[in-house]
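See structure below.
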Amino acid sequence: MQLTRPTQWSLRLWTWGALAFLYLPLLVIAILSFNTATSLSWPPKGLTTSWWEAAWQAEGPKAALWNSVKLASVATLIALVIGTLAAFAMQRFQFFGKQSVSFLLVLPIALPGIVTAIALRNTFDRTIDFGLFGFRIGFGFQSLVIAHATFCIVVAYNNVVARLRRSSMNLLEASADLGAHGVQTFRYVTFPLMRSALLSGGILAFALSFDEIVVTTFTAGSGYQTLPQWIFANVSRPNNVPLVNVMATFVMVVSIPLAWLAQRLADSDPSR
């Protein structure tokens with residue numbers, strides 16, 4: 001369908017308006033991280049790098065950043081393993097209840113975060129009894145890893161299963177006809193085809209875990225604080241607002257290129 005010129009200009013205007021609405025606040029935060037004032041006043045009274053130096057020397061934001069990196073890394077690794085295995089099972093095999101299992105796999109990302117957080121907190125806060133023995137997970141790093149892995153699995157699963165659907169089964173049959181056993185077929189055929197999907201899924205899962213605050217707040221307990229929690233706790237403290245702007249800008253600078261890379265990898269052709 002050929003669009004008229006006024007319609008084209010209208011769509012362009014709405015597109016640029018939506019992009020400005022989304023990204024101008026990010027630009028404002030980045031500029032305010034160099035503001036000489038301690039408030040969120042606009043325009044900036046002056047420019048300085050002293051807040052970046054203060055954030056580098058402060059222990060609170062650095063410790064919270066390191067906690068977030070550790071948590072997101074472990075949760076992403078677990079999600080990639082479980083999500084990949086689930087994707088292979090759902091794509092390559094037929095069994096009773098397959099659609100129900102597929103629905104349960106994607107359900108954690110569809111549920112409101114507060115619902116997932118309350119359910120996980122109730123689980124970690126009680127003793128699970130298996131008759132002869134029981135155990136209680138409690139709150140801390142281990143509970144956060146389990147909680148974050150539950151919704152990161154969905155991202156890894158969706159990326160891998162989408163790539164498997166785009167891959168031809170004829171390649172696996174050709175590999176078997178040439179005498180390759182299962183491990184060789186996976187190493188030389190299957191894994192190269194899904195490598196970029198694993199990488200993009202890992203990047204998205206890491207970003208999702210790194211940014212999570214609702215589930216984290218309910219399952220962290222009092223001894224573990226991530227960067228989103230630190231930002232939320234300090235954004236209302238006037239003296240720490242400049243440090244919050246610095247940490248938010250730092251996260252943007254790192255995460256935006258990673259998001260772009262994940263998109264490029266997800267859209268890449270596995271046959272190339």
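Letters A, B, ... mark the chains of the structure tokens in the order given; residue numbers begin at 1 per chain; ligand numbers begin at 1, in order shown.
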
List every residue of region 73-120 of chain A that has an atom at most 10 Å from any atom of region 214-229 of chain A, giving for each one its closest atom pair and the distance in Å to one decimal, counting only C-alpha atoms, sorted by chain and then by ascending residue number, as a Markdown table.
| residue | atom | partner | partner_atom | distance |
| --- | --- | --- | --- | --- |
| A:Pro112 | CA | A:Val214 | CA | 9.8 |
| A:Gly113 | CA | A:Val214 | CA | 6.3 |
| A:Ile114 | CA | A:Val214 | CA | 6.4 |
| A:Val115 | CA | A:Val215 | CA | 8.9 |
| A:Thr116 | CA | A:Val215 | CA | 7.0 |
| A:Ala117 | CA | A:Val215 | CA | 4.5 |
| A:Ile118 | CA | A:Phe218 | CA | 6.9 |
| A:Ala119 | CA | A:Phe218 | CA | 9.5 |
| A:Leu120 | CA | A:Thr219 | CA | 7.0 |

Output for the residues just chosen: C-alpha atoms as a PDB file, in the first residue's frame:
ATOM      1  CA  PRO A 112       3.265  -9.328  37.362  1.00  0.00           C
ATOM      2  CA  GLY A 113       6.578  -9.054  39.165  1.00  0.00           C
ATOM      3  CA  ILE A 114       4.888  -8.484  42.523  1.00  0.00           C
ATOM      4  CA  VAL A 115       3.022 -11.792  42.224  1.00  0.00           C
ATOM      5  CA  THR A 116       6.209 -13.703  41.432  1.00  0.00           C
ATOM      6  CA  ALA A 117       8.021 -11.903  44.266  1.00  0.00           C
ATOM      7  CA  ILE A 118       5.397 -12.800  46.877  1.00  0.00           C
ATOM      8  CA  ALA A 119       5.273 -16.424  45.744  1.00  0.00           C
ATOM      9  CA  LEU A 120       9.056 -16.776  45.903  1.00  0.00           C
TER      10      LEU A 120
END

What's around Leu198 (chain A) at 8 Å? Count only C-alpha atoms, leave out sequence neighbours fewer than 5 positions away in its own chain, and write the answer as a PyMOL selection string.
chain A and resi 80+156+159-160

What does the distance between CA of Ala58 (chain A) and CA of Ser143 (chain A) come to in Å, to one decimal place?
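CA of Ala58 (chain A) sits 27.1 Å away from CA of Ser143 (chain A).
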
Spatial neighbours of Ser102 (chain A), max dist 10 Å, only C-alpha atoms, sep filter under 2 positions, as an NGL selection string
:A and (86-87 or 90 or 97-100 or 104-107 or 157)

Store the residues picked out above in a file with N, CA and C atoms, as an mmCIF file, in the first residue's frame.
data_model
loop_
_atom_site.group_PDB
_atom_site.id
_atom_site.type_symbol
_atom_site.label_atom_id
_atom_site.label_comp_id
_atom_site.auth_asym_id
_atom_site.auth_seq_id
_atom_site.Cartn_x
_atom_site.Cartn_y
_atom_site.Cartn_z
ATOM 1 N N ALA A 86 15.485 -27.002 27.804
ATOM 2 C CA ALA A 86 14.035 -26.967 27.618
ATOM 3 C C ALA A 86 13.673 -26.681 26.165
ATOM 4 N N ALA A 87 14.417 -25.789 25.514
ATOM 5 C CA ALA A 87 14.146 -25.465 24.119
ATOM 6 C C ALA A 87 14.351 -26.676 23.218
ATOM 7 N N MET A 90 11.398 -29.106 23.801
ATOM 8 C CA MET A 90 10.131 -28.646 23.238
ATOM 9 C C MET A 90 10.142 -28.636 21.720
ATOM 10 N N GLY A 97 1.082 -33.248 26.934
ATOM 11 C CA GLY A 97 1.172 -32.048 27.763
ATOM 12 C C GLY A 97 2.221 -31.061 27.292
ATOM 13 N N LYS A 98 2.666 -31.161 26.049
ATOM 14 C CA LYS A 98 3.723 -30.284 25.551
ATOM 15 C C LYS A 98 3.301 -28.816 25.593
ATOM 16 N N GLN A 99 2.066 -28.534 25.183
ATOM 17 C CA GLN A 99 1.608 -27.147 25.170
ATOM 18 C C GLN A 99 1.507 -26.572 26.582
ATOM 19 N N SER A 100 1.119 -27.419 27.531
ATOM 20 C CA SER A 100 1.032 -26.968 28.923
ATOM 21 C C SER A 100 2.416 -26.642 29.480
ATOM 22 N N LEU A 104 3.896 -23.059 30.841
ATOM 23 C CA LEU A 104 4.509 -22.891 32.157
ATOM 24 C C LEU A 104 5.911 -22.301 32.051
ATOM 25 N N LEU A 105 6.612 -22.582 30.964
ATOM 26 C CA LEU A 105 7.964 -22.055 30.795
ATOM 27 C C LEU A 105 7.973 -20.542 30.619
ATOM 28 N N VAL A 106 6.991 -20.016 29.925
ATOM 29 C CA VAL A 106 6.957 -18.570 29.664
ATOM 30 C C VAL A 106 6.114 -17.814 30.681
ATOM 31 N N LEU A 107 5.449 -18.524 31.581
ATOM 32 C CA LEU A 107 4.557 -17.868 32.539
ATOM 33 C C LEU A 107 5.280 -16.898 33.482
ATOM 34 N N TYR A 157 15.178 -19.373 26.865
ATOM 35 C CA TYR A 157 14.336 -20.361 26.166
ATOM 36 C C TYR A 157 13.767 -19.782 24.877
#

Find the distance between CA of Ile213 (chain A) and CA of Val81 (chain A) and write it in Å to one decimal.
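Computing it gives 23.7 Å between the two atoms.
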
Listing only residues of region 151-249 of chain A within 10 Å of region 21-29 of chain A, what is the closest atom pair and its distance in Å (to one decimal) for each, using only C-alpha atoms, sorted by chain and residue number ascending, as CSV?
residue,atom,partner,partner_atom,distance
A:Pro242,CA,A:Ile29,CA,9.6
A:Val244,CA,A:Ile29,CA,9.4
A:Asn245,CA,A:Ile29,CA,5.9
A:Val246,CA,A:Ile29,CA,8.3
A:Ala248,CA,A:Ile29,CA,7.6
A:Thr249,CA,A:Ile29,CA,6.8

Since we have the selection now, will you write its residues out, keeping C-alpha atoms, as an mmCIF file, in the first residue's frame?
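Heads up, here's the output in out_14.cif:
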data_model
loop_
_atom_site.group_PDB
_atom_site.id
_atom_site.type_symbol
_atom_site.label_atom_id
_atom_site.label_comp_id
_atom_site.auth_asym_id
_atom_site.auth_seq_id
_atom_site.Cartn_x
_atom_site.Cartn_y
_atom_site.Cartn_z
ATOM 1 C CA PRO A 242 24.645 13.165 42.103
ATOM 2 C CA VAL A 244 22.743 8.159 41.704
ATOM 3 C CA ASN A 245 22.957 10.098 38.428
ATOM 4 C CA VAL A 246 26.508 8.856 37.893
ATOM 5 C CA ALA A 248 22.523 5.465 36.286
ATOM 6 C CA THR A 249 24.614 7.004 33.482
#

As JSON, numbers by chain, please: every residue in region 102-214 of chain A that DSSP puts in strand (DSSP E).
{"A": [128, 129, 134, 135]}

Between CA of Glu212 (chain A) and CA of Ala75 (chain A), measure the distance and give it in Å to one decimal.
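If I compute the distance from CA of Glu212 (chain A) to CA of Ala75 (chain A), I get 11.9 Å.
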
Alpha helix (DSSP H) per DSSP on the backbone: members of region 4-245 of chain A, as a ChimeraX atom specification:
/A:5-32,50-57,59-92,98-110,113-124,141-166,169-177,182-185,191-211,214-219,227-234,241-245

Please list as JSON, numbers by chain every residue within 10 Å of region 208-211 of chain A, counting only C-alpha atoms and excluding residues in the same chain fewer than 4 positions away.
{"A": [65, 67, 68, 69, 70, 71, 72, 73, 74, 75, 76, 144, 145, 147, 148, 149, 151, 152, 155, 202, 203, 204, 215, 216, 226, 227, 228, 229, 251, 255]}

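Distances to Phe88 (chain A) were evaluated for A:Trp9, A:Trp51, A:Phe186, A:Phe232 using only C-alpha atoms, and the minimum falls at A:Phe186.
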